[in-house]
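Just protein17.pdb here, PDB, C-alpha atoms:
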```
MODEL        1
ATOM      1  CA  MET A 915       0.000   0.000   0.000  1.00  0.00           C
ATOM      2  CA  ASN A 916       2.797   2.454   0.851  1.00  0.00           C
ATOM      3  CA  ALA A 917       4.355   2.064  -2.611  1.00  0.00           C
ATOM      4  CA  LEU A 918       1.059   2.878  -4.345  1.00  0.00           C
ATOM      5  CA  GLU A 919       0.464   5.894  -2.120  1.00  0.00           C
ATOM      6  CA  ILE A 920       4.029   7.132  -2.599  1.00  0.00           C
ATOM      7  CA  GLY A 921       3.398   6.844  -6.338  1.00  0.00           C
ATOM      8  CA  ILE A 922       0.341   9.080  -5.971  1.00  0.00           C
ATOM      9  CA  LEU A 923       2.325  11.614  -3.937  1.00  0.00           C
ATOM     10  CA  ASP A 924       5.138  11.553  -6.490  1.00  0.00           C
ATOM     11  CA  GLY A 925       2.555  12.096  -9.241  1.00  0.00           C
ATOM     12  CA  ILE A 926       1.207  15.138  -7.392  1.00  0.00           C
ATOM     13  CA  GLN A 927       4.766  16.463  -7.198  1.00  0.00           C
ATOM     14  CA  GLU A 928       5.347  15.907 -10.918  1.00  0.00           C
ATOM     15  CA  ILE A 929       2.051  17.445 -12.039  1.00  0.00           C
ATOM     16  CA  PHE A 930       1.510  20.335  -9.634  1.00  0.00           C
ATOM     17  CA  LYS A 931       4.861  21.316  -8.070  1.00  0.00           C
ATOM     18  CA  ASN A 932       5.791  24.953  -8.770  1.00  0.00           C
ATOM     19  CA  ASP A 933       6.986  28.027  -6.866  1.00  0.00           C
ATOM     20  CA  VAL A 934       3.564  29.685  -6.685  1.00  0.00           C
ATOM     21  CA  LEU A 935       1.820  26.593  -5.303  1.00  0.00           C
ATOM     22  CA  ASP A 936       4.713  26.089  -2.875  1.00  0.00           C
ATOM     23  CA  VAL A 937       3.885  29.430  -1.255  1.00  0.00           C
ATOM     24  CA  ILE A 938       0.114  28.857  -1.318  1.00  0.00           C
ATOM     25  CA  MET A 939       0.257  25.300   0.033  1.00  0.00           C
ATOM     26  CA  LYS A 940       2.702  26.223   2.804  1.00  0.00           C
ATOM     27  CA  SER A 941       0.452  29.105   3.859  1.00  0.00           C
ATOM     28  CA  VAL A 942      -2.770  27.100   3.744  1.00  0.00           C
ATOM     29  CA  SER A 943      -1.163  24.279   5.688  1.00  0.00           C
ATOM     30  CA  ARG A 944       0.291  26.664   8.284  1.00  0.00           C
ATOM     31  CA  ILE A 945      -3.108  28.178   9.162  1.00  0.00           C
ATOM     32  CA  GLY A 946      -4.369  24.646   9.733  1.00  0.00           C
ATOM     33  CA  ASN A 947      -1.654  23.777  12.270  1.00  0.00           C
ATOM     34  CA  SER A 948      -3.341  22.654  15.497  1.00  0.00           C
ATOM     35  CA  GLY A 949      -6.677  23.483  13.854  1.00  0.00           C
ATOM     36  CA  ALA A 950      -5.843  27.169  14.431  1.00  0.00           C
ATOM     37  CA  ILE A 951      -8.093  28.639  11.733  1.00  0.00           C
ATOM     38  CA  TRP A 952     -11.036  26.492  12.818  1.00  0.00           C
ATOM     39  CA  VAL A 953     -10.548  27.222  16.529  1.00  0.00           C
ATOM     40  CA  ALA A 954     -10.363  30.955  15.743  1.00  0.00           C
ATOM     41  CA  LEU A 955     -13.525  30.755  13.628  1.00  0.00           C
ATOM     42  CA  ALA A 956     -15.360  28.818  16.357  1.00  0.00           C
ATOM     43  CA  LEU A 957     -14.383  31.464  18.929  1.00  0.00           C
ATOM     44  CA  VAL A 958     -15.615  34.285  16.683  1.00  0.00           C
ATOM     45  CA  LEU A 959     -18.891  32.444  16.117  1.00  0.00           C
ATOM     46  CA  LEU A 960     -19.293  31.879  19.872  1.00  0.00           C
ATOM     47  CA  ILE A 961     -18.833  35.593  20.561  1.00  0.00           C
ATOM     48  CA  ILE A 962     -21.481  36.719  18.061  1.00  0.00           C
ATOM     49  CA  PRO A 963     -24.902  35.953  19.568  1.00  0.00           C
ATOM     50  CA  ARG A 964     -26.650  35.047  16.299  1.00  0.00           C
ATOM     51  CA  THR A 965     -23.921  32.517  15.362  1.00  0.00           C
ATOM     52  CA  ARG A 966     -23.378  31.036  18.812  1.00  0.00           C
ATOM     53  CA  ARG A 967     -25.066  27.764  17.817  1.00  0.00           C
ATOM     54  CA  SER A 968     -22.575  27.211  14.983  1.00  0.00           C
ATOM     55  CA  GLY A 969     -19.673  28.120  17.264  1.00  0.00           C
ATOM     56  CA  MET A 970     -20.853  25.646  19.889  1.00  0.00           C
ATOM     57  CA  ALA A 971     -21.229  22.799  17.369  1.00  0.00           C
ATOM     58  CA  MET A 972     -17.808  23.576  15.881  1.00  0.00           C
ATOM     59  CA  SER A 973     -16.217  23.684  19.330  1.00  0.00           C
ATOM     60  CA  MET A 974     -17.684  20.312  20.281  1.00  0.00           C
ATOM     61  CA  SER A 975     -16.502  18.858  16.953  1.00  0.00           C
ATOM     62  CA  LEU A 976     -12.961  20.171  17.356  1.00  0.00           C
ATOM     63  CA  ILE A 977     -12.711  18.822  20.901  1.00  0.00           C
ATOM     64  CA  ILE A 978     -13.772  15.412  19.588  1.00  0.00           C
ATOM     65  CA  ILE A 979     -11.090  15.598  16.872  1.00  0.00           C
ATOM     66  CA  PHE A 980      -8.405  16.510  19.385  1.00  0.00           C
ATOM     67  CA  LEU A 981      -9.329  13.609  21.662  1.00  0.00           C
ATOM     68  CA  ALA A 982      -9.887  11.046  18.901  1.00  0.00           C
ATOM     69  CA  VAL A 983      -7.122  11.921  16.451  1.00  0.00           C
ATOM     70  CA  ASN A 984      -4.305  13.544  18.388  1.00  0.00           C
ATOM     71  CA  LEU A 985      -4.590  11.723  21.697  1.00  0.00           C
ATOM     72  CA  THR A 986      -5.882   8.328  20.547  1.00  0.00           C
ATOM     73  CA  ILE A 987      -5.620   7.253  16.898  1.00  0.00           C
ATOM     74  CA  LYS A 988      -2.249   8.776  15.922  1.00  0.00           C
ATOM     75  CA  PRO A 989      -0.343   7.208  18.849  1.00  0.00           C
ATOM     76  CA  LEU A 990      -2.142   3.866  18.473  1.00  0.00           C
ATOM     77  CA  VAL A 991      -1.556   3.520  14.717  1.00  0.00           C
ATOM     78  CA  ALA A 992       1.891   5.181  14.804  1.00  0.00           C
ATOM     79  CA  ARG A 993       2.207   5.388  11.017  1.00  0.00           C
ATOM     80  CA  THR A 994       5.403   7.023   9.843  1.00  0.00           C
ATOM     81  CA  ARG A 995       5.237   9.985   7.495  1.00  0.00           C
ATOM     82  CA  PRO A 996       5.656   9.481   3.731  1.00  0.00           C
ATOM     83  CA  TYR A 997       8.895  11.469   3.688  1.00  0.00           C
ATOM     84  CA  ASP A 998      10.364   8.837   6.030  1.00  0.00           C
ATOM     85  CA  TYR A 999       9.453   6.167   3.473  1.00  0.00           C
ATOM     86  CA  ASN A1000      10.852   8.231   0.594  1.00  0.00           C
ATOM     87  CA  PRO A1001      13.916  10.049   1.962  1.00  0.00           C
ATOM     88  CA  ASP A1002      14.772  11.420  -1.521  1.00  0.00           C
ATOM     89  CA  ILE A1003      11.920  13.928  -1.366  1.00  0.00           C
ATOM     90  CA  VAL A1004      12.955  17.530  -0.773  1.00  0.00           C
ATOM     91  CA  LEU A1005      10.598  19.029   1.798  1.00  0.00           C
ATOM     92  CA  ILE A1006       9.654  22.702   1.743  1.00  0.00           C
ATOM     93  CA  ILE A1007       8.348  22.689   5.328  1.00  0.00           C
ATOM     94  CA  ASP A1008       9.866  21.264   8.503  1.00  0.00           C
ATOM     95  CA  ARG A1009       9.567  17.602   9.371  1.00  0.00           C
ATOM     96  CA  LEU A1010       6.923  16.834  11.974  1.00  0.00           C
ATOM     97  CA  LYS A1011       7.404  14.951  15.216  1.00  0.00           C
ATOM     98  CA  ASP A1012       4.032  13.212  15.351  1.00  0.00           C
ATOM     99  CA  TYR A1013       2.576  10.402  13.277  1.00  0.00           C
ATOM    100  CA  SER A1014       0.897  10.494   9.903  1.00  0.00           C
ATOM    101  CA  PHE A1015      -2.423   8.651  10.326  1.00  0.00           C
ATOM    102  CA  PRO A1016      -4.943  10.230  10.153  1.00  0.00           C
ATOM    103  CA  SER A1017      -4.428  13.760   8.869  1.00  0.00           C
ATOM    104  CA  GLY A1018      -5.311  16.123  11.690  1.00  0.00           C
ATOM    105  CA  HIS A1019      -5.563  19.051   9.256  1.00  0.00           C
ATOM    106  CA  SER A1020      -8.159  17.154   7.207  1.00  0.00           C
ATOM    107  CA  ALA A1021     -10.021  15.887  10.275  1.00  0.00           C
ATOM    108  CA  SER A1022     -10.326  19.294  11.946  1.00  0.00           C
ATOM    109  CA  SER A1023     -11.264  20.969   8.653  1.00  0.00           C
ATOM    110  CA  PHE A1024     -14.086  18.572   7.888  1.00  0.00           C
ATOM    111  CA  ALA A1025     -15.301  18.494  11.490  1.00  0.00           C
ATOM    112  CA  ALA A1026     -15.704  22.272  11.310  1.00  0.00           C
ATOM    113  CA  ILE A1027     -17.278  22.145   7.849  1.00  0.00           C
ATOM    114  CA  MET A1028     -19.812  19.495   8.839  1.00  0.00           C
ATOM    115  CA  ALA A1029     -20.730  21.335  12.041  1.00  0.00           C
ATOM    116  CA  LEU A1030     -21.340  24.499  10.026  1.00  0.00           C
ATOM    117  CA  TYR A1031     -23.355  22.571   7.449  1.00  0.00           C
ATOM    118  CA  LYS A1032     -25.507  20.848  10.092  1.00  0.00           C
ATOM    119  CA  CYS A1033     -26.194  24.255  11.684  1.00  0.00           C
ATOM    120  CA  ARG A1034     -27.220  25.599   8.263  1.00  0.00           C
ATOM    121  CA  ASN A1035     -24.563  28.289   8.478  1.00  0.00           C
ATOM    122  CA  ARG A1036     -23.754  29.366   4.929  1.00  0.00           C
ATOM    123  CA  ILE A1037     -20.087  29.894   5.653  1.00  0.00           C
ATOM    124  CA  TRP A1038     -19.781  26.123   5.305  1.00  0.00           C
ATOM    125  CA  ILE A1039     -19.313  26.702   1.561  1.00  0.00           C
ATOM    126  CA  PRO A1040     -16.148  28.854   1.732  1.00  0.00           C
ATOM    127  CA  ALA A1041     -15.010  26.638   4.617  1.00  0.00           C
ATOM    128  CA  LEU A1042     -15.364  23.629   2.295  1.00  0.00           C
ATOM    129  CA  VAL A1043     -13.161  25.300  -0.324  1.00  0.00           C
ATOM    130  CA  LEU A1044     -10.538  26.018   2.344  1.00  0.00           C
ATOM    131  CA  GLY A1045     -10.856  22.496   3.784  1.00  0.00           C
ATOM    132  CA  ILE A1046     -10.355  20.814   0.411  1.00  0.00           C
ATOM    133  CA  THR A1047      -7.369  23.056  -0.296  1.00  0.00           C
ATOM    134  CA  MET A1048      -5.923  22.281   3.126  1.00  0.00           C
ATOM    135  CA  ALA A1049      -6.366  18.528   2.659  1.00  0.00           C
ATOM    136  CA  PHE A1050      -4.669  18.737  -0.747  1.00  0.00           C
ATOM    137  CA  SER A1051      -1.843  20.793   0.772  1.00  0.00           C
ATOM    138  CA  ARG A1052      -0.985  17.882   3.057  1.00  0.00           C
ATOM    139  CA  LEU A1053      -0.470  15.661  -0.001  1.00  0.00           C
ATOM    140  CA  TYR A1054       1.323  18.378  -1.960  1.00  0.00           C
ATOM    141  CA  LEU A1055       3.716  18.960   0.941  1.00  0.00           C
ATOM    142  CA  TYR A1056       4.360  15.201   1.289  1.00  0.00           C
ATOM    143  CA  MET A1057       3.188  15.226   4.921  1.00  0.00           C
ATOM    144  CA  HIS A1058       0.478  12.571   4.544  1.00  0.00           C
ATOM    145  CA  TYR A1059      -0.422   9.544   2.509  1.00  0.00           C
ATOM    146  CA  PRO A1060      -3.703   9.753   0.559  1.00  0.00           C
ATOM    147  CA  THR A1061      -5.364   7.305   2.982  1.00  0.00           C
ATOM    148  CA  ASP A1062      -4.363   9.570   5.898  1.00  0.00           C
ATOM    149  CA  VAL A1063      -6.224  12.442   4.261  1.00  0.00           C
ATOM    150  CA  ILE A1064      -9.259  10.368   3.226  1.00  0.00           C
ATOM    151  CA  CYS A1065      -9.618   8.867   6.708  1.00  0.00           C
ATOM    152  CA  GLY A1066      -9.077  12.298   8.273  1.00  0.00           C
ATOM    153  CA  ILE A1067     -11.926  13.656   6.164  1.00  0.00           C
ATOM    154  CA  LEU A1068     -14.230  10.766   7.134  1.00  0.00           C
ATOM    155  CA  ILE A1069     -13.359  11.060  10.837  1.00  0.00           C
ATOM    156  CA  GLY A1070     -13.903  14.815  10.591  1.00  0.00           C
ATOM    157  CA  ILE A1071     -17.344  14.403   9.035  1.00  0.00           C
ATOM    158  CA  LEU A1072     -18.306  11.972  11.793  1.00  0.00           C
ATOM    159  CA  ALA A1073     -16.975  14.345  14.470  1.00  0.00           C
ATOM    160  CA  GLY A1074     -18.917  17.225  12.905  1.00  0.00           C
ATOM    161  CA  VAL A1075     -22.161  15.270  13.089  1.00  0.00           C
ATOM    162  CA  LEU A1076     -21.379  14.175  16.643  1.00  0.00           C
ATOM    163  CA  GLY A1077     -20.462  17.719  17.691  1.00  0.00           C
ATOM    164  CA  PHE A1078     -23.767  18.979  16.283  1.00  0.00           C
ATOM    165  CA  THR A1079     -25.615  16.185  18.106  1.00  0.00           C
ATOM    166  CA  ILE A1080     -23.932  17.083  21.405  1.00  0.00           C
ATOM    167  CA  MET A1081     -24.817  20.744  20.897  1.00  0.00           C
ATOM    168  CA  ARG A1082     -28.468  19.747  20.295  1.00  0.00           C
ATOM    169  CA  PHE A1083     -28.391  17.570  23.438  1.00  0.00           C
ATOM    170  CA  ILE A1084     -27.141  20.549  25.470  1.00  0.00           C
ATOM    171  CA  GLU A1085     -29.887  22.728  23.986  1.00  0.00           C
ATOM    172  CA  ARG A1086     -32.518  20.203  25.073  1.00  0.00           C
ATOM    173  CA  LYS A1087     -31.077  19.987  28.588  1.00  0.00           C
ATOM    174  CA  ARG A1088     -31.158  23.797  28.813  1.00  0.00           C
ATOM    175  CA  ASN A1089     -34.737  23.795  27.446  1.00  0.00           C
ATOM    176  CA  ARG A1090     -33.769  26.519  24.981  1.00  0.00           C
ATOM    177  CA  PRO A1091     -31.721  26.678  21.796  1.00  0.00           C
ATOM    178  CA  PHE A1092     -28.514  28.587  21.389  1.00  0.00           C
ATOM    179  CA  PRO A1093     -28.932  31.635  19.180  1.00  0.00           C
ATOM    180  CA  GLY A1094     -27.916  30.843  15.640  1.00  0.00           C
ATOM    181  CA  ILE A1095     -28.357  31.124  11.943  1.00  0.00           C
TER     182      ILE A1095
ENDMDL
END
```
Could you render the structure as C-alpha cells?
Amino acid sequence: MNALEIGILDGIQEIFKNDVLDVIMKSVSRIGNSGAIWVALALVLLIIPRTRRSGMAMSMSLIIIFLAVNLTIKPLVARTRPYDYNPDIVLIIDRLKDYSFPSGHSASSFAAIMALYKCRNRIWIPALVLGITMAFSRLYLYMHYPTDVICGILIGILAGVLGFTIMRFIERKRNRPFPGI
C-alpha cells in the first residue's frame, strides 16, 4: 500500500509542483496547524450571539477531533510519514514529530465544515473550499499519505455530526436553543 500511495504523492509532485503553489500550500497548511483557523472561527462564532449555535457545534466537533485523532488514533496507529518512506523527497516545510495517520488538518477541517453545514450556516461553503485546499496541501507537501487524508476527512465528518448532536443535546437539557443562523 505504501508504494502505491508514494506513487500518488510523487505524481502530485510531478504534475503540480511549482513556486507559486509552494507558497500557497505552505500558507494554507500553516493556518491549519493545530486546527488554528477552525478554533479561531469557532471562537468568533461563539462571541457573536446570532452565530453562537454554529460556534458551539464547531467547538464540540474540534474537541472530539483533538481527543480522537491527536490523543488516541495517531499514537495507536503510529504510522510514519511518507517522507520517512521516501527520503529522496525535498521538503519545503519542517519535518513533523508526530505520526501520519490520520491527517489532523483534514479531520479538523471537515469536522468544522460538517458542524457548520448541520447548523445551516452558509459559511460552510467557503469553509469547504478552504478544507479541500488544506487537505490537498498535506499531499502536496508530502506530509500525509492519501489514505491519511481520506480517513481524516471521514473522521472529521463523523466528528462534525457528533459535535452537532452534542450541541443539540445541550440545547434540550437547557430547554432553549442557542442563538444561531
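Using all atoms listed in the file for every distance, the candidate list A:Met1057, A:Met970, A:Val983, A:Ala1029 yields A:Met1057 as the residue closest to Val1004 in chain A.
For the structure shown here, the set of residues caught by the PyMOL selection byres ((chain A and resi 933-950) around 7) is Lys931, Asn932, Ile951, Trp952, Val953, Ala954, His1019, Ser1022, Met1048, Ser1051 and Arg1052 of chain A.
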Create the file for the chosen residues now, containing C-alpha atoms and written as an mmCIF file, keeping the file's coordinate frame.
```cif
data_model
loop_
_atom_site.group_PDB
_atom_site.id
_atom_site.type_symbol
_atom_site.label_atom_id
_atom_site.label_comp_id
_atom_site.auth_asym_id
_atom_site.auth_seq_id
_atom_site.Cartn_x
_atom_site.Cartn_y
_atom_site.Cartn_z
ATOM 1 C CA LYS A 931 4.861 21.316 -8.070
ATOM 2 C CA ASN A 932 5.791 24.953 -8.770
ATOM 3 C CA ILE A 951 -8.093 28.639 11.733
ATOM 4 C CA TRP A 952 -11.036 26.492 12.818
ATOM 5 C CA VAL A 953 -10.548 27.222 16.529
ATOM 6 C CA ALA A 954 -10.363 30.955 15.743
ATOM 7 C CA HIS A 1019 -5.563 19.051 9.256
ATOM 8 C CA SER A 1022 -10.326 19.294 11.946
ATOM 9 C CA MET A 1048 -5.923 22.281 3.126
ATOM 10 C CA SER A 1051 -1.843 20.793 0.772
ATOM 11 C CA ARG A 1052 -0.985 17.882 3.057
#
```
Task: Proximity to Phe980 in chain A - best of A:Ile1039, A:Ile1007, A:Leu1068, A:Ala1025, only C-alpha atoms - done: A:Ala1025
Task: Selected residue of minimal separation from Asn1000 in chain A among A:Leu960, A:Ile1084, A:Ala917, A:Leu1044, counting all atoms listed in the file - done: A:Ala917
Report as a tab-separated table: every residue of range 1006-1078 of chain A with an atom at most 8 Å from range 990-996 of chain A, its closest pair of atoms, and their distance in Å to one decimal, counting all atoms listed in the file, with rows sorted by chain and ascending residue number.
```
residue	atom	partner	partner_atom	distance
A:Tyr1013	CA	A:Ala992	CA	5.5
A:Ser1014	CA	A:Arg995	CA	5.0
A:Phe1015	CA	A:Arg993	CA	5.7
A:Tyr1056	CA	A:Pro996	CA	6.4
A:Met1057	CA	A:Arg995	CA	6.2
A:His1058	CA	A:Pro996	CA	6.1
A:Tyr1059	CA	A:Pro996	CA	6.2
```
Open item on the list: Residues within 9 Å of Val1075 in chain A, please, as number ranges by chain. Count all atoms listed in the file; anything in the same chain fewer than 2 positions from it doesn't count.
Closed with: A: 971, 975, 1025, 1028-1029, 1032, 1070-1073, 1077-1080
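Among the candidates A:Pro989, A:Gly1074, A:Lys1087, A:Ile1027, the residue lying nearest to Lys1011 in chain A is A:Pro989 (atoms considered: only C-alpha atoms).
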- [ ] Go through A:Ile977, A:Ser968, A:Gly921, A:Ile962 and flag the residue nearest Leu1030 in chain A, using all atoms listed in the file for the distances.
- [x] A:Ser968
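One distance worth recording is that between CA of Leu1055 in chain A and CA of Tyr997 in chain A, which is 9.5 Å.
Across A:Ile920, A:Ile1006, A:Ala1041, A:Ala1021, the tightest approach to Ala982 in chain A is made by A:Ala1021 when counting only C-alpha atoms.
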Open item on the list: Report, in Å with one decimal, the straight-line distance from CA of Arg966 in chain A to CA of Pro1091 in chain A.
Closed with: 9.9 Å
Open item on the list: Quick check, in Å to one decimal: how far apart do CA of Leu955 in chain A and CA of Gly969 in chain A lie?
Closed with: 7.6 Å
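For Leu1053 in chain A, the residues within 9 Å (counting all atoms listed in the file, excluding itself and residues fewer than 4 positions away along the chain) are Ile922, Leu923, Ile926, Gln927, Ala1049, Met1057, His1058, Tyr1059, Pro1060 and Val1063 of chain A.
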